[in-house]
Amino acid sequence: MASTLYLRSLLVVMTALLVACATPDSSSGRIERASTHSEPIDPDIDQAARALWQNLHALRGKGFLFGHQDSLAYGVQWRDDSGRSDVELTTGDYPALYGWDIGHLELNAARNLDGVAFAQMRDWMRAAYRRGGVVSLSWHMTHPGTGGSSWETETGAAALLPGGDYHEDLTRALDQFAEFARSLEVTLPDGSTGAMPLIFRPWHEHNGDWFWWGRGPTSEEDYRQLWRFTVDYLQEEKQLNQLLFAFSPDRSRLDMNVFEASYLYGYPGDDYVDVLGIDNYWDLGHSANPATPEQNLEQFIVSLGGLAKLAADKGKLAAMTEGGQDTLFEPDFFTERLLKGWLANEWTRQIAYMQVWRNANREREGRDHFYVPYPGHPAAEDFIQFYQHPATRFESDLPAMYEQP
Ligand code: BMA
């Protein structure tokens, strides 16, 4: 444990030195540096997970992975185990990145908070891996101490930290996660059996006030401690070495005039984060945002560019970890907002992946809540154009993500 910590600190110091040596005002130099000298935070990271990190870096500037939440579990008009996806029904291809949420795993439930059976989720994740796709996990965790939902903001994270009354409830939840992650055994590129690489994105949107780990119920310092404990516990105590860790504040609570300072609220430190993410619904046509589409696009570009610059400075990956336009009311959303934002300049083109949220099943949930078009939807044609653009990476466009580039 101590030696791992030492190695990690050493790596961080080395990365910082390399960063400091580079010419600060050469923007292309900054971009280059991030791909040449950076390392994942886990010094003992599995080979396949390291390769994933390297491949995501190698892709920057050329294209980005398109991701979709719960893509294989259900769509607006279907819900079964056929392995289809609304992305595939419209484009003929699967997303390059699959988001899943493990909320309720901590309750030992058979299904997650949106009704997806964990056993099936596991199979879908393995199937995606076999086809060359990438998997990212978020966790709408019920408060392990009080049992309140993610959105129950009465009690924060303080009592979950070491020494707190509920600390063991937190470690129990993390034990469940470790068991789940370990159970994702796959055939690795060298033919051996091992753990599937995952992008893990815990404690998301913490700068908002809607989750118990968010601003308000949890102090900034307690948030940092919660994050660091999570990483240390999973890497050192549970010996999980298949993870890249993604940090993902919500755009709606960022002050764009002081992007970096605002973004770094609660940041646990460079030795605890692999991916600098942003959850962005706000600039993409959010019902509470009064800005015009033009102003939105401008702000979207500023947010992606600011994120990419910060990531380059720190030798990290940058990604839009979650977002999109709920119910796709603009039929040209994918080319005119999402793709335009990514293509805008050399910084925005450093964003490694962009993931949109889920296509809720209309019959089950009794409402419209979706982020990619389904067959016959007015945005379908535009989504196909988006799919065909050379910058967008869907599953069949991917290189071997788990082999060293
Ligand atoms: C939210 C909504 C909810 C869902 C939650 C977790 O953004 O989609 O309906 O329960 O994510 O997936």
# chains A, B, ... in the order shown; residues from 1 in each chain; ligands from 1
$ residues_around --residues "Glu106 of chain A" --least-positions-apart "5" --cutoff "9 Å" --atoms "only C-alpha atoms" --output "number ranges by chain"
A: 141-142, 144, 172-174, 176-177
$ residues_around --residues "Gly366 of chain A" --least-positions-apart "4" --cutoff "12 Å" --atoms "only C-alpha atoms" --output "MDAnalysis selection string"
chainID A and resid 76:77 360:362
$ write_last_selection --atoms "N, CA, C and O atoms" --output "tab-separated table (two decimals), in the first residue's frame"
chain	number	residue	atom	x	y	z
A	76	VAL	N	-36.68	3.92	-26.98
A	76	VAL	CA	-37.96	4.59	-26.78
A	76	VAL	C	-39.12	3.64	-27.05
A	76	VAL	O	-40.11	3.61	-26.31
A	77	GLN	N	-38.97	2.79	-28.09
A	77	GLN	CA	-40.10	1.95	-28.51
A	77	GLN	C	-39.90	0.45	-28.27
A	77	GLN	O	-40.66	-0.35	-28.79
A	360	ALA	N	-35.18	6.67	-22.60
A	360	ALA	CA	-36.12	6.00	-21.70
A	360	ALA	C	-37.22	5.32	-22.52
A	360	ALA	O	-37.68	5.87	-23.52
A	361	ASN	N	-37.61	4.15	-22.05
A	361	ASN	CA	-38.68	3.42	-22.73
A	361	ASN	C	-40.02	4.09	-22.42
A	361	ASN	O	-40.42	4.21	-21.26
A	362	ARG	N	-40.69	4.51	-23.48
A	362	ARG	CA	-41.91	5.32	-23.32
A	362	ARG	C	-42.99	4.57	-22.55
A	362	ARG	O	-43.64	5.13	-21.66
$ select_by_dssp --residues "segment 104-279 of chain A" --states "alpha helix (DSSP H)" --output "NGL selection string"
:A and (118-130 or 167-182 or 220-232 or 259-263)
$ closest_atom_pairs --of "segment 33-141 of chain A" --to "segment 334-347 of chain A" --cutoff "10 Å" --atoms "only C-alpha atoms" --output "Markdown table"
| residue | atom | partner | partner_atom | distance |
| --- | --- | --- | --- | --- |
| A:Arg60 | CA | A:Trp347 | CA | 9.7 |
| A:Gly61 | CA | A:Glu346 | CA | 7.0 |
| A:Lys62 | CA | A:Leu343 | CA | 9.8 |
| A:Gly63 | CA | A:Trp342 | CA | 8.7 |
| A:Phe64 | CA | A:Trp342 | CA | 8.4 |
$ residues_near_ligand --ligand "ligand 1" --cutoff "8 Å" --atoms "only C-alpha atoms and all ligand atoms" --output "PDB file with N, CA, C and O atoms, in the first residue's frame"
ATOM      1  N   ASP A 101     -25.277   2.693 -15.411  1.00  0.00           N
ATOM      2  CA  ASP A 101     -25.321   3.217 -14.047  1.00  0.00           C
ATOM      3  C   ASP A 101     -25.592   2.065 -13.081  1.00  0.00           C
ATOM      4  O   ASP A 101     -26.514   1.269 -13.296  1.00  0.00           O
ATOM      5  N   GLY A 103     -26.432   2.352  -9.873  1.00  0.00           N
ATOM      6  CA  GLY A 103     -27.250   2.728  -8.715  1.00  0.00           C
ATOM      7  C   GLY A 103     -28.155   1.584  -8.278  1.00  0.00           C
ATOM      8  O   GLY A 103     -28.864   1.014  -9.117  1.00  0.00           O
ATOM      9  N   LEU A 113     -31.390   1.346 -10.677  1.00  0.00           N
ATOM     10  CA  LEU A 113     -32.486   2.277 -10.347  1.00  0.00           C
ATOM     11  C   LEU A 113     -33.427   2.538 -11.517  1.00  0.00           C
ATOM     12  O   LEU A 113     -34.542   3.015 -11.304  1.00  0.00           O
ATOM     13  N   ASP A 114     -32.998   2.210 -12.739  1.00  0.00           N
ATOM     14  CA  ASP A 114     -33.888   2.374 -13.889  1.00  0.00           C
ATOM     15  C   ASP A 114     -34.412   1.033 -14.409  1.00  0.00           C
ATOM     16  O   ASP A 114     -34.877   0.937 -15.548  1.00  0.00           O
ATOM     17  N   HIS A 140     -25.490   6.311  -9.315  1.00  0.00           N
ATOM     18  CA  HIS A 140     -26.468   7.067  -8.529  1.00  0.00           C
ATOM     19  C   HIS A 140     -26.698   6.279  -7.238  1.00  0.00           C
ATOM     20  O   HIS A 140     -27.653   5.523  -7.121  1.00  0.00           O
ATOM     21  N   TRP A 357     -27.170  10.967 -22.865  1.00  0.00           N
ATOM     22  CA  TRP A 357     -27.898  10.201 -21.855  1.00  0.00           C
ATOM     23  C   TRP A 357     -28.878   9.217 -22.496  1.00  0.00           C
ATOM     24  O   TRP A 357     -28.893   9.006 -23.703  1.00  0.00           O
ATOM     25  N   ARG A 358     -29.732   8.625 -21.717  1.00  0.00           N
ATOM     26  CA  ARG A 358     -30.472   7.424 -22.102  1.00  0.00           C
ATOM     27  C   ARG A 358     -31.756   7.704 -22.896  1.00  0.00           C
ATOM     28  O   ARG A 358     -32.320   8.792 -22.816  1.00  0.00           O
ATOM     29  N   ALA A 360     -35.176   6.674 -22.597  1.00  0.00           N
ATOM     30  CA  ALA A 360     -36.119   6.005 -21.705  1.00  0.00           C
ATOM     31  C   ALA A 360     -37.221   5.324 -22.521  1.00  0.00           C
ATOM     32  O   ALA A 360     -37.684   5.873 -23.522  1.00  0.00           O
ATOM     33  N   HIS A 369     -38.292  10.984 -22.772  1.00  0.00           N
ATOM     34  CA  HIS A 369     -37.016  11.356 -22.146  1.00  0.00           C
ATOM     35  C   HIS A 369     -35.968  10.587 -22.944  1.00  0.00           C
ATOM     36  O   HIS A 369     -35.703   9.427 -22.680  1.00  0.00           O
TER      37      HIS A 369
END
$ residues_around --residues "Pro405 of chain A" --least-positions-apart "2" --cutoff "12 Å" --atoms "only C-alpha atoms" --output "PyMOL selection string"
chain A and resi 47-48+50-59+398-403
$ write_last_selection --atoms "all heavy atoms" --output "short mmCIF file (atom, residue, chain, number, x, y, z; two decimals), in the first residue's frame"
data_model
loop_
_atom_site.label_atom_id
_atom_site.label_comp_id
_atom_site.auth_asym_id
_atom_site.auth_seq_id
_atom_site.Cartn_x
_atom_site.Cartn_y
_atom_site.Cartn_z
N GLN A 47 -2.56 -3.86 -18.21
CA GLN A 47 -2.10 -3.50 -19.56
C GLN A 47 -3.23 -3.03 -20.47
O GLN A 47 -3.09 -2.07 -21.21
CB GLN A 47 -1.45 -4.72 -20.19
CG GLN A 47 -0.01 -4.47 -20.57
CD GLN A 47 0.64 -5.75 -21.04
OE1 GLN A 47 0.08 -6.47 -21.87
NE2 GLN A 47 1.81 -6.02 -20.50
N ALA A 48 -4.36 -3.74 -20.43
CA ALA A 48 -5.46 -3.41 -21.34
C ALA A 48 -6.05 -2.04 -21.00
O ALA A 48 -6.44 -1.28 -21.89
CB ALA A 48 -6.54 -4.49 -21.28
N ARG A 50 -4.39 0.41 -19.57
CA ARG A 50 -3.39 1.38 -19.99
C ARG A 50 -3.51 1.62 -21.50
O ARG A 50 -3.43 2.75 -21.98
CB ARG A 50 -1.98 0.91 -19.64
CG ARG A 50 -0.89 1.90 -20.07
CD ARG A 50 0.50 1.31 -19.87
NE ARG A 50 0.78 1.06 -18.46
CZ ARG A 50 1.23 2.00 -17.63
NH1 ARG A 50 1.46 3.20 -18.06
NH2 ARG A 50 1.45 1.70 -16.38
N ALA A 51 -3.72 0.53 -22.24
CA ALA A 51 -3.87 0.66 -23.70
C ALA A 51 -5.09 1.50 -24.04
O ALA A 51 -5.06 2.32 -24.96
CB ALA A 51 -3.97 -0.72 -24.33
N LEU A 52 -6.15 1.32 -23.27
CA LEU A 52 -7.36 2.12 -23.49
C LEU A 52 -7.03 3.61 -23.33
O LEU A 52 -7.39 4.45 -24.15
CB LEU A 52 -8.46 1.70 -22.51
CG LEU A 52 -9.71 2.59 -22.46
CD1 LEU A 52 -10.40 2.62 -23.82
CD2 LEU A 52 -10.69 2.10 -21.39
N TRP A 53 -6.33 3.91 -22.25
CA TRP A 53 -5.89 5.29 -22.00
C TRP A 53 -5.06 5.82 -23.17
O TRP A 53 -5.29 6.92 -23.67
CB TRP A 53 -5.07 5.27 -20.69
CG TRP A 53 -4.17 6.43 -20.47
CD1 TRP A 53 -2.86 6.54 -20.84
CD2 TRP A 53 -4.50 7.65 -19.80
NE1 TRP A 53 -2.36 7.75 -20.46
CE2 TRP A 53 -3.34 8.45 -19.82
CE3 TRP A 53 -5.65 8.14 -19.20
CZ2 TRP A 53 -3.30 9.71 -19.25
CZ3 TRP A 53 -5.62 9.40 -18.64
CH2 TRP A 53 -4.45 10.17 -18.67
N GLN A 54 -4.11 5.01 -23.63
CA GLN A 54 -3.22 5.45 -24.72
C GLN A 54 -4.00 5.65 -26.01
O GLN A 54 -3.77 6.60 -26.76
CB GLN A 54 -2.10 4.42 -24.93
CG GLN A 54 -1.12 4.39 -23.78
CD GLN A 54 -0.18 3.20 -23.84
OE1 GLN A 54 -0.52 2.16 -24.43
NE2 GLN A 54 0.98 3.33 -23.23
N ASN A 55 -4.93 4.74 -26.27
CA ASN A 55 -5.72 4.87 -27.51
C ASN A 55 -6.62 6.10 -27.48
O ASN A 55 -6.81 6.75 -28.50
CB ASN A 55 -6.53 3.60 -27.75
CG ASN A 55 -5.69 2.52 -28.40
OD1 ASN A 55 -5.18 2.71 -29.50
ND2 ASN A 55 -5.51 1.40 -27.72
N LEU A 56 -7.17 6.39 -26.31
CA LEU A 56 -8.01 7.59 -26.21
C LEU A 56 -7.15 8.83 -26.45
O LEU A 56 -7.57 9.78 -27.11
CB LEU A 56 -8.71 7.65 -24.85
CG LEU A 56 -9.85 6.64 -24.66
CD1 LEU A 56 -10.31 6.60 -23.20
CD2 LEU A 56 -11.05 6.96 -25.56
N HIS A 57 -5.93 8.81 -25.93
CA HIS A 57 -5.02 9.93 -26.19
C HIS A 57 -4.68 10.04 -27.67
O HIS A 57 -4.67 11.12 -28.24
CB HIS A 57 -3.72 9.76 -25.40
CG HIS A 57 -3.75 10.46 -24.08
ND1 HIS A 57 -3.83 11.83 -23.98
CD2 HIS A 57 -3.72 9.99 -22.82
CE1 HIS A 57 -3.86 12.16 -22.70
NE2 HIS A 57 -3.80 11.06 -21.98
N ALA A 58 -4.40 8.89 -28.27
CA ALA A 58 -3.93 8.88 -29.67
C ALA A 58 -4.99 9.42 -30.62
O ALA A 58 -4.68 9.97 -31.66
CB ALA A 58 -3.53 7.46 -30.06
N LEU A 59 -6.23 9.26 -30.23
CA LEU A 59 -7.34 9.66 -31.09
C LEU A 59 -7.58 11.16 -31.09
O LEU A 59 -8.17 11.72 -32.03
CB LEU A 59 -8.59 8.94 -30.58
CG LEU A 59 -9.81 8.96 -31.47
CD1 LEU A 59 -9.54 8.15 -32.72
CD2 LEU A 59 -11.00 8.38 -30.71
N LEU A 398 -13.66 1.98 -34.50
CA LEU A 398 -12.62 1.99 -33.47
C LEU A 398 -11.41 1.13 -33.84
O LEU A 398 -11.55 0.04 -34.40
CB LEU A 398 -13.19 1.48 -32.14
CG LEU A 398 -14.17 2.40 -31.43
CD1 LEU A 398 -14.73 1.71 -30.19
CD2 LEU A 398 -13.48 3.70 -31.05
N PRO A 399 -10.20 1.62 -33.48
CA PRO A 399 -9.03 0.73 -33.55
C PRO A 399 -9.13 -0.26 -32.38
O PRO A 399 -10.06 -0.18 -31.58
CB PRO A 399 -7.87 1.70 -33.34
CG PRO A 399 -8.44 2.83 -32.53
CD PRO A 399 -9.89 2.94 -32.93
N ALA A 400 -8.17 -1.16 -32.28
CA ALA A 400 -8.19 -2.11 -31.15
C ALA A 400 -7.86 -1.34 -29.87
O ALA A 400 -6.70 -1.10 -29.56
CB ALA A 400 -7.17 -3.22 -31.41
N MET A 401 -8.90 -0.94 -29.14
CA MET A 401 -8.72 -0.02 -28.01
C MET A 401 -7.95 -0.63 -26.83
O MET A 401 -7.47 0.09 -25.97
CB MET A 401 -10.09 0.45 -27.50
CG MET A 401 -10.88 1.28 -28.49
SD MET A 401 -10.05 2.80 -29.01
CE MET A 401 -10.36 3.90 -27.62
N TYR A 402 -7.86 -1.95 -26.79
CA TYR A 402 -7.22 -2.59 -25.64
C TYR A 402 -5.81 -3.11 -25.96
O TYR A 402 -5.22 -3.82 -25.17
CB TYR A 402 -8.15 -3.69 -25.08
CG TYR A 402 -9.49 -3.09 -24.74
CD1 TYR A 402 -10.61 -3.28 -25.56
CD2 TYR A 402 -9.62 -2.25 -23.64
CE1 TYR A 402 -11.83 -2.67 -25.27
CE2 TYR A 402 -10.83 -1.64 -23.34
CZ TYR A 402 -11.92 -1.85 -24.16
OH TYR A 402 -13.11 -1.24 -23.87
N GLU A 403 -5.36 -2.75 -27.16
CA GLU A 403 -3.98 -3.10 -27.53
C GLU A 403 -3.17 -1.84 -27.65
O GLU A 403 -3.67 -0.83 -28.17
CB GLU A 403 -3.97 -3.85 -28.87
CG GLU A 403 -4.51 -5.26 -28.72
CD GLU A 403 -4.66 -5.92 -30.08
OE1 GLU A 403 -3.77 -5.79 -30.93
OE2 GLU A 403 -5.71 -6.58 -30.28
#
$ atom_distance --atom1 "atom CA of Glu322 of chain A" --atom2 "atom CA of Tyr281 of chain A"
7.8 Å
$ select_by_dssp --residues "segment 6-212 of chain A" --states "strand (DSSP E or B)" --output "PyMOL selection string"
chain A and resi 64-69+74-75+78-79+95+97-101+111+117+134-138+185-187+193-195+198-201
$ closest_residue --among "A:Leu226, A:Ala73, A:Ile41, A:Leu284" --to "Gln325 of chain A" --atoms "only C-alpha atoms"
A:Leu284
$ residues_around --residues "segment 118-133 of chain A" --least-positions-apart "6" --cutoff "6 Å" --atoms "only C-alpha atoms" --output "list in words"
Ala96, Leu97, Ala110, Arg111 and Glu395 of chain A
$ atom_distance --atom1 "atom CA of Phe211 of chain A" --atom2 "atom CA of His167 of chain A"
18.4 Å
$ atom_distance --atom1 "atom CA of Arg393 of chain A" --atom2 "atom CA of Pro95 of chain A"
7.9 Å
$ closest_residue --among "A:Leu304, A:Ala117, A:Leu107, A:Ala158" --to "Phe259 of chain A" --atoms "only C-alpha atoms"
A:Leu304
$ closest_residue --among "A:Asn241, A:Ser71, A:Ser38, A:Ser82" --to "Pro373 of chain A" --atoms "only C-alpha atoms"
A:Ser71
$ closest_residue --among "A:Ser252, A:Ala311, A:Phe333, A:Arg224" --to "Gln299 of chain A" --atoms "only C-alpha atoms"
A:Ser252
